[in-house]
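**Student:** target_13.txt is reproduced below (compact mmCIF, C-alpha atoms).
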```
# COMPACT_ATOMS: atom_id res chain seq x y z
CA MET A 1 97.45 103.28 62.77
CA LYS A 2 97.16 100.74 65.60
CA THR A 3 95.79 101.97 68.92
CA PRO A 4 97.73 100.76 72.00
CA VAL A 5 95.88 98.02 73.88
CA PHE A 6 96.54 100.09 77.01
CA SER A 7 98.85 102.76 78.38
CA GLY A 8 100.05 102.74 81.96
CA SER A 9 99.98 99.74 84.28
CA ALA A 10 98.50 96.33 83.53
CA ALA A 11 98.54 93.84 86.38
CA ALA A 12 99.87 90.38 85.57
CA LEU A 13 97.29 88.86 87.88
CA VAL A 14 97.91 85.81 90.05
CA THR A 15 95.42 82.96 89.86
CA PRO A 16 93.96 82.16 93.29
CA PHE A 17 93.82 78.42 93.76
CA LYS A 18 91.95 76.28 96.22
CA PRO A 19 93.50 72.97 97.34
CA LYS A 20 91.55 71.62 94.36
CA GLY A 21 90.48 73.92 91.56
CA ILE A 22 90.23 77.68 91.02
CA ASP A 23 88.90 80.10 93.62
CA PHE A 24 86.70 82.14 91.27
CA ASP A 25 85.15 84.24 94.04
CA LYS A 26 88.61 85.35 95.11
CA LEU A 27 89.59 86.01 91.50
CA GLY A 28 86.63 88.36 91.25
CA GLU A 29 87.76 90.18 94.38
CA LEU A 30 91.28 90.59 92.98
CA ILE A 31 89.91 91.95 89.70
CA ASP A 32 87.74 94.49 91.55
CA TYR A 33 90.69 95.53 93.72
CA GLN A 34 92.87 96.16 90.69
CA ILE A 35 90.25 98.23 88.89
CA ALA A 36 89.56 100.26 92.03
CA ASN A 37 93.27 101.05 92.29
CA ASP A 38 93.79 102.53 88.82
CA THR A 39 95.08 99.48 86.95
CA ALA A 40 94.60 100.11 83.23
CA ALA A 41 94.34 96.48 82.06
CA LEU A 42 94.41 92.93 83.39
CA VAL A 43 96.63 90.13 82.15
CA ILE A 44 95.02 86.78 82.90
CA ASN A 45 96.89 83.46 82.77
CA GLY A 46 100.33 84.81 82.12
CA THR A 47 103.40 83.46 83.88
CA THR A 48 102.29 85.11 87.13
CA GLY A 49 98.92 83.39 86.77
CA GLU A 50 100.58 79.93 86.76
CA ALA A 51 98.98 79.10 83.44
CA SER A 52 101.44 76.27 82.81
CA THR A 53 99.99 74.22 85.67
CA GLN A 54 96.37 74.69 84.65
CA SER A 55 94.48 72.18 82.57
CA ILE A 56 93.06 73.47 79.29
CA PRO A 57 89.50 73.56 80.73
CA GLU A 58 90.75 75.51 83.77
CA HIS A 59 92.75 77.88 81.56
CA LEU A 60 89.74 78.73 79.44
CA ALA A 61 87.39 78.95 82.44
CA VAL A 62 89.67 81.50 84.14
CA ILE A 63 89.70 83.67 81.01
CA GLU A 64 85.93 83.39 80.57
CA TYR A 65 85.31 84.32 84.20
CA ALA A 66 87.72 87.25 84.10
CA VAL A 67 86.08 88.67 80.96
CA ARG A 68 82.60 88.26 82.39
CA HIS A 69 83.49 89.73 85.81
CA THR A 70 85.48 92.64 84.39
CA ALA A 71 82.49 93.51 82.18
CA GLY A 72 84.37 95.93 79.97
CA ARG A 73 85.71 98.12 82.77
CA VAL A 74 89.30 97.63 81.58
CA PRO A 75 90.80 95.51 78.78
CA VAL A 76 91.38 91.83 79.56
CA ILE A 77 94.52 90.41 77.98
CA ALA A 78 94.60 86.60 77.90
CA GLY A 79 97.81 84.61 78.03
CA THR A 80 97.60 82.01 75.25
CA GLY A 81 101.21 81.21 74.41
CA SER A 82 102.60 77.75 73.79
CA ASN A 83 105.64 76.08 72.28
CA ASP A 84 103.17 74.26 70.00
CA THR A 85 101.87 76.67 67.38
CA ALA A 86 98.66 74.70 66.86
CA ASP A 87 97.96 74.78 70.60
CA ALA A 88 98.62 78.54 70.73
CA VAL A 89 96.17 79.04 67.86
CA THR A 90 93.47 76.95 69.57
CA MET A 91 93.82 78.77 72.89
CA SER A 92 93.95 82.16 71.19
CA GLN A 93 90.78 81.48 69.26
CA SER A 94 89.06 80.25 72.41
CA ALA A 95 90.12 83.37 74.32
CA GLU A 96 88.77 85.57 71.53
CA ARG A 97 85.44 83.73 71.61
CA SER A 98 85.34 84.30 75.37
CA GLY A 99 85.55 88.04 74.80
CA ALA A 100 89.22 88.76 75.60
CA ASP A 101 90.30 92.16 74.32
CA ALA A 102 93.84 91.09 73.43
CA LEU A 103 96.28 88.18 73.73
CA LEU A 104 99.70 87.85 75.36
CA VAL A 105 101.70 85.20 73.49
CA VAL A 106 105.11 84.12 74.77
CA SER A 107 107.82 82.99 72.38
CA PRO A 108 108.10 79.20 71.99
CA TYR A 109 110.04 77.68 74.87
CA TYR A 110 112.06 74.47 75.28
CA ASN A 111 112.02 73.40 71.64
CA LYS A 112 112.75 77.06 70.68
CA THR A 113 113.12 78.04 66.99
CA SER A 114 114.99 80.36 64.61
CA GLN A 115 114.13 84.01 63.99
CA ARG A 116 112.38 82.88 60.79
CA GLY A 117 110.48 80.37 62.92
CA LEU A 118 109.42 83.13 65.33
CA ILE A 119 108.04 85.15 62.45
CA ALA A 120 106.14 82.14 61.10
CA HIS A 121 104.83 81.17 64.56
CA PHE A 122 103.51 84.61 65.49
CA ASN A 123 102.10 85.39 62.06
CA THR A 124 100.21 82.09 62.22
CA VAL A 125 98.74 82.95 65.64
CA ALA A 126 97.91 86.50 64.57
CA ASP A 127 96.29 85.27 61.34
CA SER A 128 93.96 83.04 63.38
CA VAL A 129 92.31 85.84 65.38
CA SER A 130 90.96 89.35 64.90
CA ILE A 131 92.05 90.85 68.24
CA PRO A 132 95.47 92.35 69.06
CA VAL A 133 98.40 90.08 69.86
CA ILE A 134 101.12 91.22 72.27
CA LEU A 135 104.42 89.39 71.82
CA TYR A 136 106.24 88.37 75.01
CA ASN A 137 110.03 88.26 75.09
CA VAL A 138 111.36 86.64 78.27
CA PRO A 139 114.64 84.86 77.46
CA ALA A 140 115.25 83.80 81.07
CA ARG A 141 112.25 81.46 80.79
CA THR A 142 112.24 80.55 77.10
CA GLY A 143 115.94 80.24 76.31
CA MET A 144 115.69 82.50 73.25
CA THR A 145 115.15 86.13 72.29
CA PHE A 146 113.84 88.23 69.43
CA THR A 147 116.00 90.48 67.30
CA ALA A 148 114.91 94.01 66.46
CA GLU A 149 114.71 92.94 62.83
CA THR A 150 112.24 90.21 63.79
CA TYR A 151 110.15 92.75 65.66
CA LYS A 152 110.17 94.95 62.56
CA ALA A 153 108.96 92.06 60.39
CA LEU A 154 106.20 91.16 62.87
CA SER A 155 105.12 94.76 63.33
CA ALA A 156 103.81 94.70 59.74
CA HIS A 157 101.02 92.31 60.78
CA PRO A 158 97.81 94.29 61.43
CA ASN A 159 96.98 92.21 64.53
CA ILE A 160 100.40 92.37 66.21
CA ALA A 161 100.19 95.30 68.61
CA GLY A 162 103.60 95.31 70.27
CA VAL A 163 105.74 93.49 72.79
CA LYS A 164 106.09 92.89 76.50
CA GLU A 165 109.87 93.24 76.79
CA ALA A 166 111.47 91.31 79.66
CA SER A 167 114.89 90.70 78.14
CA GLY A 168 116.66 93.44 80.08
CA ASP A 169 118.52 94.21 76.83
CA PHE A 170 118.33 97.96 76.37
CA SER A 171 120.29 97.88 73.15
CA LEU A 172 117.58 95.59 71.73
CA ILE A 173 114.83 97.87 73.02
CA GLY A 174 116.46 100.98 71.60
CA ARG A 175 117.09 99.37 68.21
CA THR A 176 113.50 98.09 68.17
CA ARG A 177 112.16 101.57 68.81
CA ALA A 178 114.39 102.91 66.04
CA LEU A 179 113.42 100.24 63.47
CA CYS A 180 109.72 99.70 64.18
CA PRO A 181 106.79 102.00 63.45
CA GLU A 182 105.48 104.19 66.24
CA ASP A 183 102.34 102.08 66.58
CA PHE A 184 104.36 99.00 67.56
CA THR A 185 104.01 99.46 71.31
CA ILE A 186 106.64 98.42 73.83
CA TRP A 187 105.64 97.64 77.41
CA SER A 188 108.09 96.82 80.17
CA GLY A 189 107.96 93.21 81.33
CA ASN A 190 110.28 93.89 84.28
CA ASP A 191 109.07 96.04 87.17
CA GLN A 192 112.58 97.27 87.96
CA GLU A 193 112.84 98.69 84.42
CA ILE A 194 109.53 100.55 84.05
CA ILE A 195 110.90 104.09 83.83
CA PRO A 196 114.05 103.16 81.85
CA ILE A 197 111.91 101.45 79.19
CA MET A 198 109.39 104.28 79.13
CA SER A 199 112.30 106.66 78.55
CA LEU A 200 112.95 104.75 75.31
CA GLY A 201 109.36 105.17 74.19
CA GLY A 202 107.58 102.45 76.17
CA LYS A 203 103.91 102.98 77.02
CA GLY A 204 103.85 101.31 80.43
CA VAL A 205 104.28 97.95 82.12
CA ILE A 206 102.77 94.53 82.53
CA SER A 207 103.48 94.32 86.22
CA VAL A 208 103.94 91.62 88.85
CA ALA A 209 104.33 94.18 91.65
CA ALA A 210 100.92 95.65 90.78
CA ASN A 211 99.38 92.65 92.52
CA ILE A 212 100.36 94.24 95.85
CA ILE A 213 101.00 97.93 95.02
CA PRO A 214 98.69 98.61 92.07
CA ARG A 215 98.03 102.28 92.77
CA GLU A 216 101.75 103.02 93.12
CA ILE A 217 102.70 101.28 89.86
CA ALA A 218 99.84 103.00 88.05
CA ARG A 219 100.91 106.37 89.42
CA MET A 220 104.52 105.76 88.39
CA THR A 221 103.52 105.18 84.77
CA ARG A 222 100.98 108.01 84.77
CA LEU A 223 103.56 110.50 86.01
CA TRP A 224 105.88 109.60 83.17
CA LEU A 225 103.11 109.84 80.57
CA GLU A 226 102.11 113.24 82.02
CA GLY A 227 105.64 114.57 81.47
CA LYS A 228 106.82 114.37 85.09
CA PRO A 229 109.96 112.20 84.75
CA GLU A 230 111.61 113.14 88.02
CA GLU A 231 108.56 112.21 90.08
CA ALA A 232 108.14 108.97 88.13
CA ALA A 233 111.79 108.04 88.65
CA ALA A 234 111.52 108.81 92.37
CA LEU A 235 108.70 106.26 92.67
CA GLN A 236 110.69 103.70 90.72
CA LEU A 237 113.54 104.11 93.18
CA ARG A 238 111.30 104.11 96.25
CA TYR A 239 109.96 100.69 95.39
CA PHE A 240 113.11 99.31 93.81
CA ASP A 241 114.14 97.13 96.74
CA LEU A 242 110.65 95.68 97.18
CA ILE A 243 110.47 94.91 93.47
CA GLU A 244 113.82 93.14 93.60
CA LYS A 245 112.67 91.06 96.55
CA LEU A 246 109.52 90.05 94.64
CA PHE A 247 111.94 88.09 92.45
CA ILE A 248 114.08 86.63 95.22
CA GLU A 249 112.79 83.26 94.01
CA VAL A 250 111.10 82.44 90.73
CA ASN A 251 107.93 84.40 89.94
CA PRO A 252 105.16 84.08 91.14
CA VAL A 253 106.40 82.44 94.34
CA PRO A 254 107.33 85.68 96.18
CA VAL A 255 104.37 87.78 95.02
CA LYS A 256 101.85 85.11 95.91
CA ASN A 257 103.47 84.78 99.34
CA ALA A 258 103.34 88.58 99.69
CA MET A 259 99.65 88.63 98.81
CA ASN A 260 98.89 86.01 101.42
CA LEU A 261 100.93 87.95 104.00
CA LEU A 262 98.82 91.03 103.21
CA GLY A 263 95.57 89.11 103.66
CA PHE A 264 94.51 88.83 100.01
CA GLY A 265 93.98 85.08 100.30
CA ALA A 266 95.64 84.27 96.98
CA GLY A 267 95.86 80.61 97.95
CA PRO A 268 98.59 78.05 97.38
CA LEU A 269 101.07 77.66 94.59
CA ARG A 270 100.94 74.65 92.32
CA MET A 271 103.84 72.27 92.14
CA PRO A 272 106.55 72.27 90.99
CA LEU A 273 106.41 75.73 92.60
CA ILE A 274 106.50 75.67 96.39
CA ASP A 275 106.47 78.32 99.12
CA LEU A 276 109.40 80.62 99.79
CA ALA A 277 112.32 79.36 101.81
CA PRO A 278 111.96 80.72 105.38
CA ALA A 279 115.04 82.96 105.08
CA ASN A 280 113.73 84.49 101.85
CA ARG A 281 110.33 84.97 103.40
CA ASP A 282 111.93 87.04 106.16
CA ILE A 283 113.78 89.15 103.58
CA LEU A 284 110.56 89.75 101.66
CA ILE A 285 108.67 90.74 104.83
CA GLU A 286 111.36 93.28 105.70
CA ALA A 287 111.18 94.82 102.22
CA MET A 288 107.39 95.02 102.46
CA LYS A 289 107.52 96.72 105.86
CA ASN A 290 110.11 99.20 104.60
CA VAL A 291 107.57 100.68 102.17
CA GLY A 292 104.75 100.70 104.71
CA LEU A 293 102.89 97.53 103.77
CA GLU A 294 101.13 96.00 106.77
CA ILE A 295 101.56 92.28 107.34
CA LYS A 296 98.37 90.64 108.61
```
Could the structure of this file be written out as structure tokens, please?
**Tutor:**
Amino acid sequence: MKTPVFSGSAAALVTPFKPKGIDFDKLGELIDYQIANDTAALVINGTTGEASTQSIPEHLAVIEYAVRHTAGRVPVIAGTGSNDTADAVTMSQSAERSGADALLVVSPYYNKTSQRGLIAHFNTVADSVSIPVILYNVPARTGMTFTAETYKALSAHPNIAGVKEASGDFSLIGRTRALCPEDFTIWSGNDQEIIPIMSLGGKGVISVAANIIPREIARMTRLWLEGKPEEAAALQLRYFDLIEKLFIEVNPVPVKNAMNLLGFGAGPLRMPLIDLAPANRDILIEAMKNVGLEIK
């Protein structure tokens, strides 16, 4: 029986950049803030962490620093996905050597593949390491999706722990839960779907919004897990508008802007990502104020 990597809320952490390089001191502050506010795990160098614009040395240095600074307080899940299987294997092995507790591996993007290719790709990555692998299904970014039958095939691998589901396809999620063993964990990959996915057996969320409201996202998931669905749903609805506005432009543009507005000092985005359009910034600020967040 596989043990879930985490239950509750994992923050998909932003990477604070300087004009040149990584702001490691700030990264440490963000890690401490998350742990102090009930976040159950940290995802480092996922989409929200702008991993695709980091060099390989930067990518590995961020993971190494996060593992060292976290010091076992919560699990560290390292993003190591690639559309090149060999590259995904290399990064996954490096993350394991750095002490990461688990890996988040996105499905191959741009070149894509077949369902048989997905099975071969993820089994190859999982064969190369001894720590848990979390699949990541995000068709809006990759141009492809998993089937429930593919999830079932992959769930047989002892190192494949489950999936971060960001497809928005509840028929897929329901069929996956019906076909796969109980120890194949599903986590929501969309903040606006946390409670709906948990109602289908999900164990929590890998959250963008947790960068700015970590305690609230953690409480939402905890309430559900404690058997308090009405209170959990009420929190989902309270923050629904803010969560929507955190995706008014492509992630992580809005959340990084929000963090800077709140005084976190998350630093700039890396091109091709650029700051929010002024009109969208105003919309985001209004949504933040509506839930009591104080703009600095």
**Student:** Rank A:Val14, A:Ile274, A:Ala140, A:Val125 by their smallest atom-to-atom distance to Lys256 of chain A, using all atoms listed in the file, and report the top residue only.
**Tutor:**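 When distances to Lys256 of chain A are compared using all atoms listed in the file, the smallest one comes from A:Val14.
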**Student:** Given all atoms listed in the file as the basis, pick out the residue of A:Gly21, A:Thr70, A:Pro272, A:Asp38 nearest to Thr221 of chain A.
**Tutor:**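 So, comparing all the options, the nearest one is A:Asp38.
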**Student:** Select, from A:Asp87, A:Ala153, A:Leu276, A:Thr142, the residue with the minimum atom-to-atom distance to Ala120 of chain A, counting all atoms listed in the file.
**Tutor:**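 Of the candidates, the smallest distance to Ala120 of chain A is held by A:Ala153.
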**Student:** If you count only C-alpha atoms, which residues fall within 10 Å of Gln54 of chain A, apart from same-chain ones fewer than 6 positions away, as a VMD selection string?
**Tutor:** chain A and resid 15 21 to 22 45 60 62 270
**Student:** Considering all atoms listed in the file, state which residue in the set A:Pro214, A:Lys152, A:Arg116, A:Phe247 is at the smallest distance from Ala11 of chain A.
**Tutor:**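 Looking at the shortest contact to Ala11 of chain A, the residue is A:Pro214.
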**Student:** Could you add the missing atoms to segment 99-115 of chain A, up to N, CA, C and O atoms, and return them as a short mmCIF file (atom, residue, chain, number, x, y, z; two decimals), keeping the file's coordinate frame?
**Tutor:**
```cif
data_model
loop_
_atom_site.label_atom_id
_atom_site.label_comp_id
_atom_site.auth_asym_id
_atom_site.auth_seq_id
_atom_site.Cartn_x
_atom_site.Cartn_y
_atom_site.Cartn_z
N GLY A 99 85.69 86.59 74.67
CA GLY A 99 85.55 88.04 74.80
C GLY A 99 86.81 88.77 75.23
O GLY A 99 86.74 89.97 75.53
N ALA A 100 87.97 88.08 75.26
CA ALA A 100 89.22 88.76 75.60
C ALA A 100 89.47 89.90 74.63
O ALA A 100 89.17 89.82 73.44
N ASP A 101 90.04 90.98 75.14
CA ASP A 101 90.30 92.16 74.32
C ASP A 101 91.61 92.04 73.54
O ASP A 101 91.78 92.68 72.50
N ALA A 102 92.54 91.27 74.07
CA ALA A 102 93.84 91.09 73.43
C ALA A 102 94.47 89.81 73.97
O ALA A 102 93.97 89.21 74.94
N LEU A 103 95.57 89.41 73.36
CA LEU A 103 96.28 88.18 73.73
C LEU A 103 97.72 88.52 74.08
O LEU A 103 98.33 89.38 73.46
N LEU A 104 98.27 87.80 75.05
CA LEU A 104 99.70 87.85 75.36
C LEU A 104 100.27 86.49 75.00
O LEU A 104 99.88 85.47 75.58
N VAL A 105 101.21 86.46 74.03
CA VAL A 105 101.70 85.20 73.49
C VAL A 105 103.21 85.15 73.64
O VAL A 105 103.95 85.90 72.99
N VAL A 106 103.68 84.26 74.51
CA VAL A 106 105.11 84.12 74.77
C VAL A 106 105.79 83.40 73.61
O VAL A 106 105.17 82.62 72.89
N SER A 107 107.07 83.68 73.43
CA SER A 107 107.82 82.99 72.38
C SER A 107 107.94 81.50 72.73
O SER A 107 107.92 81.13 73.91
N PRO A 108 108.04 80.64 71.73
CA PRO A 108 108.10 79.20 71.99
C PRO A 108 109.29 78.83 72.87
O PRO A 108 110.42 79.26 72.61
N TYR A 109 109.03 78.06 73.90
CA TYR A 109 110.04 77.68 74.87
C TYR A 109 110.43 76.22 74.69
O TYR A 109 109.74 75.45 74.02
N TYR A 110 111.53 75.84 75.27
CA TYR A 110 112.06 74.47 75.28
C TYR A 110 112.50 74.00 73.91
O TYR A 110 113.69 73.85 73.65
N ASN A 111 111.58 73.79 72.98
CA ASN A 111 112.02 73.40 71.64
C ASN A 111 112.62 74.58 70.89
O ASN A 111 113.42 74.40 69.98
N LYS A 112 112.22 75.83 71.25
CA LYS A 112 112.75 77.06 70.68
C LYS A 112 112.55 77.05 69.15
O LYS A 112 111.80 76.28 68.61
N THR A 113 113.20 78.00 68.45
CA THR A 113 113.12 78.04 66.99
C THR A 113 114.12 79.08 66.51
O THR A 113 114.83 79.71 67.30
N SER A 114 114.17 79.31 65.20
CA SER A 114 114.99 80.36 64.61
C SER A 114 114.19 81.67 64.57
O SER A 114 113.00 81.70 64.87
N GLN A 115 114.86 82.76 64.16
CA GLN A 115 114.13 84.01 63.99
C GLN A 115 113.07 83.86 62.89
O GLN A 115 111.95 84.38 63.01
#
```
